[in-house]
Amino acid sequence: MGKVGRFVSDPKAGAYCHIALDSGEKILVNHDKGGFKGGRLTISQVKWLGLGGETVFQCDLDSAAGKAAMRGLTKGVDSGSARATPLGAFVEHVQDCKDIAAVKSKCTALVTSTEVG
């Protein structure tokens, strides 16, 4: 399981969390609004010294697919917990991924399955 960093909340930048995957690759999970609101959630690969990075996944939480994904990720979760937030839900969803490819695959499958069902 990957090593999850602390959750950081910034009123201007939203909320984010770094995760070091088993492969040694690092990702940044970022919710542009923080808290429980919609907005955009992105997962980016963090390069050397935290510079640059490729967007691995992004989700518009205000879209039908984004809302469905959040419903699926937060089903049965205490509404006051960190796991009920977009950041917490997606960190929980990807923290056991071994590498970037697994993150991409798992997130794409989540959004695809919620669009279909």
# chains A, B, ... in the order shown; residues from 1 in each chain; ligands from 1
>>> select_by_dssp(residues="chain A", states="strand (DSSP E or B)", output="PyMOL selection string")
chain A and resi 3-4+8-10+14-20+26-31+40-46+55-60
>>> write_last_selection(atoms="N, CA and C atoms", output="PDB file, in the first residue's frame")
ATOM      1  N   LYS A   3       2.256   5.117   0.584  1.00  0.00           N
ATOM      2  CA  LYS A   3       2.393   5.934   1.787  1.00  0.00           C
ATOM      3  C   LYS A   3       1.644   7.246   1.547  1.00  0.00           C
ATOM      4  N   VAL A   4       0.604   7.472   2.323  1.00  0.00           N
ATOM      5  CA  VAL A   4      -0.235   8.655   2.182  1.00  0.00           C
ATOM      6  C   VAL A   4       0.315   9.764   3.067  1.00  0.00           C
ATOM      7  N   VAL A   8      -3.675  18.566   3.217  1.00  0.00           N
ATOM      8  CA  VAL A   8      -3.417  19.991   3.371  1.00  0.00           C
ATOM      9  C   VAL A   8      -4.588  20.756   2.773  1.00  0.00           C
ATOM     10  N   SER A   9      -5.092  21.704   3.535  1.00  0.00           N
ATOM     11  CA  SER A   9      -6.206  22.525   3.055  1.00  0.00           C
ATOM     12  C   SER A   9      -5.737  23.967   2.981  1.00  0.00           C
ATOM     13  N   ASP A  10      -5.917  24.573   1.816  1.00  0.00           N
ATOM     14  CA  ASP A  10      -5.521  25.960   1.588  1.00  0.00           C
ATOM     15  C   ASP A  10      -6.728  26.679   1.004  1.00  0.00           C
ATOM     16  N   GLY A  14      -7.355  25.073  -2.470  1.00  0.00           N
ATOM     17  CA  GLY A  14      -8.183  23.900  -2.241  1.00  0.00           C
ATOM     18  C   GLY A  14      -7.512  22.956  -1.259  1.00  0.00           C
ATOM     19  N   ALA A  15      -7.637  21.684  -1.473  1.00  0.00           N
ATOM     20  CA  ALA A  15      -7.055  20.677  -0.590  1.00  0.00           C
ATOM     21  C   ALA A  15      -6.279  19.670  -1.431  1.00  0.00           C
ATOM     22  N   TYR A  16      -5.196  19.148  -0.862  1.00  0.00           N
ATOM     23  CA  TYR A  16      -4.397  18.191  -1.601  1.00  0.00           C
ATOM     24  C   TYR A  16      -3.691  17.223  -0.665  1.00  0.00           C
ATOM     25  N   CYS A  17      -3.197  16.139  -1.241  1.00  0.00           N
ATOM     26  CA  CYS A  17      -2.483  15.113  -0.493  1.00  0.00           C
ATOM     27  C   CYS A  17      -1.504  14.422  -1.440  1.00  0.00           C
ATOM     28  N   HIS A  18      -0.288  14.190  -0.966  1.00  0.00           N
ATOM     29  CA  HIS A  18       0.708  13.438  -1.732  1.00  0.00           C
ATOM     30  C   HIS A  18       0.632  11.970  -1.334  1.00  0.00           C
ATOM     31  N   ILE A  19       0.843  11.094  -2.315  1.00  0.00           N
ATOM     32  CA  ILE A  19       0.915   9.657  -2.055  1.00  0.00           C
ATOM     33  C   ILE A  19       2.150   9.116  -2.766  1.00  0.00           C
ATOM     34  N   ALA A  20       2.967   8.362  -2.035  1.00  0.00           N
ATOM     35  CA  ALA A  20       4.105   7.666  -2.625  1.00  0.00           C
ATOM     36  C   ALA A  20       3.648   6.229  -2.895  1.00  0.00           C
ATOM     37  N   LYS A  26       5.343   9.089  -7.354  1.00  0.00           N
ATOM     38  CA  LYS A  26       4.563   9.919  -6.433  1.00  0.00           C
ATOM     39  C   LYS A  26       3.441  10.601  -7.185  1.00  0.00           C
ATOM     40  N   ILE A  27       2.298  10.701  -6.520  1.00  0.00           N
ATOM     41  CA  ILE A  27       1.158  11.399  -7.103  1.00  0.00           C
ATOM     42  C   ILE A  27       0.653  12.456  -6.133  1.00  0.00           C
ATOM     43  N   LEU A  28      -0.044  13.421  -6.706  1.00  0.00           N
ATOM     44  CA  LEU A  28      -0.684  14.478  -5.937  1.00  0.00           C
ATOM     45  C   LEU A  28      -2.172  14.417  -6.250  1.00  0.00           C
ATOM     46  N   VAL A  29      -2.985  14.228  -5.227  1.00  0.00           N
ATOM     47  CA  VAL A  29      -4.435  14.246  -5.374  1.00  0.00           C
ATOM     48  C   VAL A  29      -4.876  15.629  -4.927  1.00  0.00           C
ATOM     49  N   ASN A  30      -5.560  16.359  -5.814  1.00  0.00           N
ATOM     50  CA  ASN A  30      -5.914  17.745  -5.534  1.00  0.00           C
ATOM     51  C   ASN A  30      -7.396  18.000  -5.799  1.00  0.00           C
ATOM     52  N   HIS A  31      -8.063  18.600  -4.814  1.00  0.00           N
ATOM     53  CA  HIS A  31      -9.456  19.028  -4.979  1.00  0.00           C
ATOM     54  C   HIS A  31      -9.434  20.546  -4.952  1.00  0.00           C
ATOM     55  N   ARG A  40     -13.340  20.498  -9.252  1.00  0.00           N
ATOM     56  CA  ARG A  40     -12.537  19.579 -10.057  1.00  0.00           C
ATOM     57  C   ARG A  40     -11.556  18.854  -9.145  1.00  0.00           C
ATOM     58  N   LEU A  41     -11.454  17.558  -9.362  1.00  0.00           N
ATOM     59  CA  LEU A  41     -10.472  16.751  -8.660  1.00  0.00           C
ATOM     60  C   LEU A  41      -9.466  16.261  -9.690  1.00  0.00           C
ATOM     61  N   THR A  42      -8.188  16.439  -9.412  1.00  0.00           N
ATOM     62  CA  THR A  42      -7.154  15.969 -10.327  1.00  0.00           C
ATOM     63  C   THR A  42      -6.139  15.106  -9.580  1.00  0.00           C
ATOM     64  N   ILE A  43      -5.588  14.175 -10.306  1.00  0.00           N
ATOM     65  CA  ILE A  43      -4.482  13.365  -9.793  1.00  0.00           C
ATOM     66  C   ILE A  43      -3.342  13.557 -10.783  1.00  0.00           C
ATOM     67  N   SER A  44      -2.207  14.008 -10.275  1.00  0.00           N
ATOM     68  CA  SER A  44      -1.048  14.286 -11.121  1.00  0.00           C
ATOM     69  C   SER A  44       0.150  13.493 -10.651  1.00  0.00           C
ATOM     70  N   GLN A  45       0.982  13.107 -11.599  1.00  0.00           N
ATOM     71  CA  GLN A  45       2.250  12.465 -11.265  1.00  0.00           C
ATOM     72  C   GLN A  45       3.218  13.565 -10.861  1.00  0.00           C
ATOM     73  N   VAL A  46       3.896  13.371  -9.745  1.00  0.00           N
ATOM     74  CA  VAL A  46       4.862  14.352  -9.265  1.00  0.00           C
ATOM     75  C   VAL A  46       6.238  13.925  -9.742  1.00  0.00           C
ATOM     76  N   THR A  55      -0.866  15.173 -15.729  1.00  0.00           N
ATOM     77  CA  THR A  55      -2.174  14.875 -15.166  1.00  0.00           C
ATOM     78  C   THR A  55      -2.524  13.437 -15.513  1.00  0.00           C
ATOM     79  N   VAL A  56      -2.759  12.641 -14.499  1.00  0.00           N
ATOM     80  CA  VAL A  56      -3.069  11.230 -14.648  1.00  0.00           C
ATOM     81  C   VAL A  56      -4.585  11.040 -14.781  1.00  0.00           C
ATOM     82  N   PHE A  57      -5.351  11.846 -14.046  1.00  0.00           N
ATOM     83  CA  PHE A  57      -6.807  11.718 -14.018  1.00  0.00           C
ATOM     84  C   PHE A  57      -7.398  13.048 -13.585  1.00  0.00           C
ATOM     85  N   GLN A  58      -8.542  13.386 -14.162  1.00  0.00           N
ATOM     86  CA  GLN A  58      -9.283  14.541 -13.660  1.00  0.00           C
ATOM     87  C   GLN A  58     -10.770  14.256 -13.770  1.00  0.00           C
ATOM     88  N   CYS A  59     -11.511  14.834 -12.828  1.00  0.00           N
ATOM     89  CA  CYS A  59     -12.936  14.572 -12.752  1.00  0.00           C
ATOM     90  C   CYS A  59     -13.660  15.851 -12.361  1.00  0.00           C
ATOM     91  N   ASP A  60     -14.656  16.220 -13.146  1.00  0.00           N
ATOM     92  CA  ASP A  60     -15.521  17.340 -12.810  1.00  0.00           C
ATOM     93  C   ASP A  60     -16.573  16.802 -11.846  1.00  0.00           C
TER      94      ASP A  60
END
>>> select_by_dssp(residues="stretch 5-116 of chain A", states="alpha helix (DSSP H)", output="number ranges by chain")
A: 64-74, 86-94, 100-116
>>> closest_residue(among="A:Gly66, A:Gly5, A:Gly53, A:Gly39", to="A:Thr112", atoms="only C-alpha atoms")
A:Gly66
>>> closest_residue(among="A:Cys107, A:Met1, A:Ile100, A:Ala89", to="A:Glu54", atoms="only C-alpha atoms")
A:Ile100
>>> closest_residue(among="A:Ser63, A:Thr108, A:Ser23, A:Ser79", to="A:His93", atoms="only C-alpha atoms")
A:Thr108
>>> atom_distance(atom1="atom CA of A:Asp62", atom2="atom CA of A:Val103")
21.5 Å
>>> atom_distance(atom1="atom CA of A:Lys98", atom2="atom CA of A:Leu21")
5.7 Å
>>> residues_around(residues="A:Leu110", least_positions_apart="4", cutoff="10 Å", atoms="only C-alpha atoms", output="PyMOL selection string")
chain A and resi 65-66+68-70+72-73+93+104-106+114-115
>>> atom_distance(atom1="atom CA of A:Pro86", atom2="atom CA of A:Phe7")
11.9 Å
>>> residues_around(residues="A:Gln95", least_positions_apart="3", cutoff="6 Å", atoms="only C-alpha atoms", output="PyMOL selection string")
chain A and resi 2+91-92
>>> write_last_selection(atoms="all heavy atoms", output="mmCIF file, in the first residue's frame")
data_model
loop_
_atom_site.group_PDB
_atom_site.id
_atom_site.type_symbol
_atom_site.label_atom_id
_atom_site.label_comp_id
_atom_site.auth_asym_id
_atom_site.auth_seq_id
_atom_site.Cartn_x
_atom_site.Cartn_y
_atom_site.Cartn_z
ATOM 1 N N GLY A 2 0.482 2.240 -0.751
ATOM 2 C CA GLY A 2 1.250 3.461 -0.833
ATOM 3 C C GLY A 2 1.297 4.215 0.476
ATOM 4 O O GLY A 2 0.496 3.991 1.383
ATOM 5 N N VAL A 91 -8.375 9.654 -2.349
ATOM 6 C CA VAL A 91 -7.145 9.144 -1.732
ATOM 7 C C VAL A 91 -7.365 7.698 -1.301
ATOM 8 O O VAL A 91 -6.546 6.823 -1.574
ATOM 9 C CB VAL A 91 -6.702 10.022 -0.542
ATOM 10 C CG1 VAL A 91 -5.637 9.317 0.294
ATOM 11 C CG2 VAL A 91 -6.165 11.362 -1.043
ATOM 12 N N GLU A 92 -8.478 7.439 -0.657
ATOM 13 C CA GLU A 92 -8.813 6.078 -0.236
ATOM 14 C C GLU A 92 -8.899 5.142 -1.444
ATOM 15 O O GLU A 92 -8.455 3.998 -1.391
ATOM 16 C CB GLU A 92 -10.147 6.091 0.516
ATOM 17 C CG GLU A 92 -10.589 4.751 1.018
ATOM 18 C CD GLU A 92 -9.812 4.249 2.229
ATOM 19 O OE1 GLU A 92 -9.192 5.067 2.944
ATOM 20 O OE2 GLU A 92 -9.804 3.026 2.446
#
>>> closest_residue(among="A:Asp32, A:Gly38, A:Ala101, A:Glu25", to="A:Ala64", atoms="only C-alpha atoms")
A:Gly38
